[in-house]
Amino acid sequence: MSSCDAPSRRDFFRMTGAAGSALAVGPVFGRLGAAAEARPEADRRKALFSLGLASYTLRKFDLDETLAMTRRVGLTHLCLKSFHLPLDATAEQISAAVAKVKQAELDLYGCGVVSMKTDQDVNQAFDYARAAGMRTIVAAPLPELLPLLNEKVKQSGLEVAIHNHGPGDKIYPTPESIYRKVEKFDQRIGLCIDVGHTARIGADPIADVERFADRLLDLHVKDVSAAAAEGKTVEIGRGVLDIPALLRALLKINYSRVASFEHEKDERDPLAGLAESVGYIRGALAAIG
């Protein structure tokens, strides 16, 4: 099966009991396919990565609502979009937002996607991330700003994960387009692979996770209705991506960072779809782990 073959739902019932019992949120549809097959104990691996939320998912909700919904689906790591903490926020506003995140017992690991078109944009993003105690800036910088980014990551210790946006993105349409631009710079400038946009442009998200593992700093997880420009975000397990194969690739490369859900569907009522997606991933990990 290719990474973008649509799985048959009837095979869902081949899942192991362990996978089914691991679904803490919502029902799961689709199939886990080969992920649910019995595997030798020696071939099983524990996931080193954490599950998080790209808060663009909850762009129509305020910070308090976003924190509550993130906790409700059992996610523990958060990458904030500027909807929830503006890039031009004052030190006091940043401090107040960080306090709310900590009170919610969430890890504010990053921000983004941050557009960077000028030196000022770069400086602002780094000041913002440092003030909030973040580790990763998910970004879309103009290529001519990469030397400045190189200096900033060395000075600050922060990482910059450049996000691919698929069809319509003239600068970073694919993970490879990012990799070729950053490979001569500091290792802390790398990729945030969006698996949905990768599939939509005809690239292979599973293969690219492995090919560019040495620069993979963040991951946006979603499913899409078609591996074509017209593909739209759907609940994970309902689309064309081979999610178990993606998870096996992450295990293979010992990915140890955050895989963040970016559920773009139903922007005014996303919680059910997000919960279903989280449940599918948890079930798949239980089956293959």
# chains A, B, ... in the order shown; residues from 1 in each chain; ligands from 1
$ residues_around --residues "Glu267 in chain A" --least-positions-apart "2" --cutoff "10 Å" --atoms "only C-alpha atoms" --output "PyMOL selection string"
chain A and resi 56-61+263-265+269-271
$ select_by_dssp --residues "range 96-250 of chain A" --states "strand (DSSP E)" --output "JSON, numbers by chain"
{"A": [107, 108, 109, 110, 111, 112, 113, 114, 115, 116, 136, 137, 138, 139, 140, 141, 159, 160, 161, 162, 163, 189, 190, 191, 192, 193, 194, 216, 217, 218, 219, 220, 221, 223, 224, 233, 234]}
$ residues_around --residues "Lys81 in chain A" --least-positions-apart "3" --cutoff "9 Å" --atoms "only C-alpha atoms" --output "list of chain:residue names"
A:Ala54, A:Ser55, A:Tyr56, A:Arg59, A:His84, A:Leu85, A:Pro86, A:Leu87, A:Gly110, A:Cys111, A:Gly112, A:Val113, A:Val114
$ closest_residue --among "A:Ala131, A:Ala139, A:Leu48, A:Leu75" --to "Ala96 in chain A" --atoms "only C-alpha atoms"
A:Ala131
$ residues_around --residues "Tyr280 in chain A" --least-positions-apart "2" --cutoff "7 Å" --atoms "only C-alpha atoms" --output "mmCIF file with N, CA and C atoms, in the first residue's frame"
data_model
loop_
_atom_site.group_PDB
_atom_site.id
_atom_site.type_symbol
_atom_site.label_atom_id
_atom_site.label_comp_id
_atom_site.auth_asym_id
_atom_site.auth_seq_id
_atom_site.Cartn_x
_atom_site.Cartn_y
_atom_site.Cartn_z
ATOM 1 N N VAL A 28 -13.331 5.791 16.784
ATOM 2 C CA VAL A 28 -12.369 5.820 15.690
ATOM 3 C C VAL A 28 -12.998 5.149 14.485
ATOM 4 N N ILE A 236 -8.571 12.255 11.070
ATOM 5 C CA ILE A 236 -7.533 11.265 10.826
ATOM 6 C C ILE A 236 -8.153 9.874 10.822
ATOM 7 N N GLY A 237 -7.829 9.131 9.772
ATOM 8 C CA GLY A 237 -8.412 7.817 9.573
ATOM 9 C C GLY A 237 -9.507 7.800 8.529
ATOM 10 N N GLU A 276 -11.647 12.747 17.619
ATOM 11 C CA GLU A 276 -11.592 11.516 16.821
ATOM 12 C C GLU A 276 -10.187 11.282 16.284
ATOM 13 N N SER A 277 -9.546 12.344 15.835
ATOM 14 C CA SER A 277 -8.192 12.231 15.289
ATOM 15 C C SER A 277 -7.193 11.814 16.353
ATOM 16 N N VAL A 278 -7.320 12.406 17.535
ATOM 17 C CA VAL A 278 -6.429 12.039 18.627
ATOM 18 C C VAL A 278 -6.648 10.570 18.997
ATOM 19 N N ARG A 282 -3.854 7.512 18.924
ATOM 20 C CA ARG A 282 -3.569 6.733 20.126
ATOM 21 C C ARG A 282 -3.807 5.242 19.888
ATOM 22 N N GLY A 283 -4.900 4.945 19.203
ATOM 23 C CA GLY A 283 -5.168 3.538 18.911
ATOM 24 C C GLY A 283 -4.117 2.929 18.032
ATOM 25 N N ALA A 284 -3.686 3.666 17.017
ATOM 26 C CA ALA A 284 -2.658 3.163 16.113
ATOM 27 C C ALA A 284 -1.341 2.942 16.857
#
$ residues_around --residues "Pro205 in chain A" --least-positions-apart "5" --cutoff "7 Å" --atoms "only C-alpha atoms" --output "list in words"
Val195, Thr198 and Ala199 of chain A
$ closest_residue --among "A:Leu216, A:Asp186, A:Ile162, A:Lys46" --to "Ile288 in chain A" --atoms "only C-alpha atoms"
A:Lys46
$ select_by_dssp --residues "range 25-263 of chain A" --states "helix (DSSP H, G or I)" --output "VMD selection string"
chain A and resid 33 to 36 41 to 43 55 to 58 63 to 72 91 to 103 119 to 132 143 to 156 175 to 182 195 to 200 205 to 211 213 to 215 243 to 252
$ decode --residues "range 117-214 of chain A" --atoms "C-alpha atoms" --output "JSON list (two decimals), in the first residue's frame"
[["chain", "number", "residue", "atom", "x", "y", "z"],
["A", 117, "LYS", "CA", 9.41, 38.89, 5.69],
["A", 118, "THR", "CA", 11.79, 41.36, 7.33],
["A", 119, "ASP", "CA", 14.62, 41.48, 9.86],
["A", 120, "GLN", "CA", 12.13, 43.04, 12.26],
["A", 121, "ASP", "CA", 9.85, 40.01, 11.94],
["A", 122, "VAL", "CA", 12.74, 37.71, 12.82],
["A", 123, "ASN", "CA", 13.82, 39.76, 15.83],
["A", 124, "GLN", "CA", 10.25, 40.06, 17.07],
["A", 125, "ALA", "CA", 9.65, 36.32, 16.84],
["A", 126, "PHE", "CA", 12.81, 35.47, 18.77],
["A", 127, "ASP", "CA", 12.09, 38.05, 21.49],
["A", 128, "TYR", "CA", 8.53, 36.72, 21.77],
["A", 129, "ALA", "CA", 9.58, 33.07, 21.98],
["A", 130, "ARG", "CA", 12.29, 33.78, 24.55],
["A", 131, "ALA", "CA", 9.91, 35.82, 26.71],
["A", 132, "ALA", "CA", 7.39, 32.96, 26.67],
["A", 133, "GLY", "CA", 10.01, 30.28, 27.42],
["A", 134, "MET", "CA", 9.35, 28.47, 24.14],
["A", 135, "ARG", "CA", 11.84, 26.15, 22.47],
["A", 136, "THR", "CA", 10.68, 26.13, 18.85],
["A", 137, "ILE", "CA", 9.53, 28.74, 16.36],
["A", 138, "VAL", "CA", 7.53, 27.23, 13.51],
["A", 139, "ALA", "CA", 8.09, 29.67, 10.70],
["A", 140, "ALA", "CA", 7.80, 30.64, 7.06],
["A", 141, "PRO", "CA", 10.77, 32.97, 6.47],
["A", 142, "LEU", "CA", 11.89, 34.48, 3.19],
["A", 143, "PRO", "CA", 15.06, 32.63, 2.08],
["A", 144, "GLU", "CA", 17.17, 35.79, 2.25],
["A", 145, "LEU", "CA", 16.53, 35.87, 6.01],
["A", 146, "LEU", "CA", 18.11, 32.47, 6.63],
["A", 147, "PRO", "CA", 21.59, 33.90, 7.43],
["A", 148, "LEU", "CA", 19.99, 36.11, 10.10],
["A", 149, "LEU", "CA", 18.06, 33.12, 11.44],
["A", 150, "ASN", "CA", 21.33, 31.23, 11.59],
["A", 151, "GLU", "CA", 22.82, 33.93, 13.81],
["A", 152, "LYS", "CA", 19.73, 34.07, 16.01],
["A", 153, "VAL", "CA", 19.55, 30.34, 16.71],
["A", 154, "LYS", "CA", 23.22, 30.35, 17.69],
["A", 155, "GLN", "CA", 22.69, 33.30, 20.03],
["A", 156, "SER", "CA", 19.46, 32.09, 21.61],
["A", 157, "GLY", "CA", 19.53, 28.29, 21.47],
["A", 158, "LEU", "CA", 16.02, 28.34, 20.01],
["A", 159, "GLU", "CA", 15.08, 26.18, 17.03],
["A", 160, "VAL", "CA", 13.33, 27.28, 13.85],
["A", 161, "ALA", "CA", 11.18, 24.67, 12.12],
["A", 162, "ILE", "CA", 10.19, 25.82, 8.63],
["A", 163, "HIS", "CA", 6.71, 24.73, 7.56],
["A", 164, "ASN", "CA", 5.79, 23.52, 4.06],
["A", 165, "HIS", "CA", 2.39, 24.64, 2.73],
["A", 166, "GLY", "CA", 2.01, 22.53, -0.40],
["A", 167, "PRO", "CA", 0.28, 23.79, -3.56],
["A", 168, "GLY", "CA", 0.29, 27.55, -3.75],
["A", 169, "ASP", "CA", 3.44, 27.96, -1.66],
["A", 170, "LYS", "CA", 6.05, 29.31, -4.05],
["A", 171, "ILE", "CA", 8.92, 29.15, -1.55],
["A", 172, "TYR", "CA", 8.42, 26.04, 0.61],
["A", 173, "PRO", "CA", 5.92, 23.76, -1.15],
["A", 174, "THR", "CA", 7.56, 20.48, -0.05],
["A", 175, "PRO", "CA", 9.80, 19.25, 2.75],
["A", 176, "GLU", "CA", 12.62, 18.84, 0.23],
["A", 177, "SER", "CA", 12.33, 22.48, -0.82],
["A", 178, "ILE", "CA", 12.99, 23.44, 2.80],
["A", 179, "TYR", "CA", 15.79, 20.95, 3.31],
["A", 180, "ARG", "CA", 17.77, 22.13, 0.29],
["A", 181, "LYS", "CA", 17.62, 25.73, 1.53],
["A", 182, "VAL", "CA", 18.64, 25.05, 5.13],
["A", 183, "GLU", "CA", 21.12, 22.16, 4.92],
["A", 184, "LYS", "CA", 24.15, 24.48, 4.96],
["A", 185, "PHE", "CA", 22.99, 26.24, 8.13],
["A", 186, "ASP", "CA", 22.94, 25.35, 11.82],
["A", 187, "GLN", "CA", 21.14, 22.10, 12.65],
["A", 188, "ARG", "CA", 18.68, 24.10, 14.74],
["A", 189, "ILE", "CA", 17.16, 25.41, 11.52],
["A", 190, "GLY", "CA", 15.09, 22.56, 10.18],
["A", 191, "LEU", "CA", 11.68, 21.34, 9.11],
["A", 192, "CYS", "CA", 8.14, 21.26, 10.40],
["A", 193, "ILE", "CA", 6.70, 18.72, 7.98],
["A", 194, "ASP", "CA", 2.99, 19.17, 7.40],
["A", 195, "VAL", "CA", 2.01, 15.69, 6.25],
["A", 196, "GLY", "CA", -1.27, 16.83, 4.70],
["A", 197, "HIS", "CA", 0.24, 19.57, 2.55],
["A", 198, "THR", "CA", 3.06, 17.20, 1.60],
["A", 199, "ALA", "CA", 0.54, 14.69, 0.24],
["A", 200, "ARG", "CA", -1.51, 17.41, -1.47],
["A", 201, "ILE", "CA", 1.43, 18.41, -3.66],
["A", 202, "GLY", "CA", 2.18, 14.81, -4.64],
["A", 203, "ALA", "CA", 5.17, 14.20, -2.39],
["A", 204, "ASP", "CA", 5.36, 11.24, -0.01],
["A", 205, "PRO", "CA", 5.09, 12.35, 3.65],
["A", 206, "ILE", "CA", 6.24, 8.98, 5.01],
["A", 207, "ALA", "CA", 9.32, 8.84, 2.81],
["A", 208, "ASP", "CA", 10.12, 12.48, 3.56],
["A", 209, "VAL", "CA", 9.96, 11.93, 7.32],
["A", 210, "GLU", "CA", 12.72, 9.36, 6.88],
["A", 211, "ARG", "CA", 14.71, 11.26, 4.23],
["A", 212, "PHE", "CA", 14.92, 14.44, 6.27],
["A", 213, "ALA", "CA", 15.03, 12.95, 9.75],
["A", 214, "ASP", "CA", 18.22, 14.79, 10.65]]
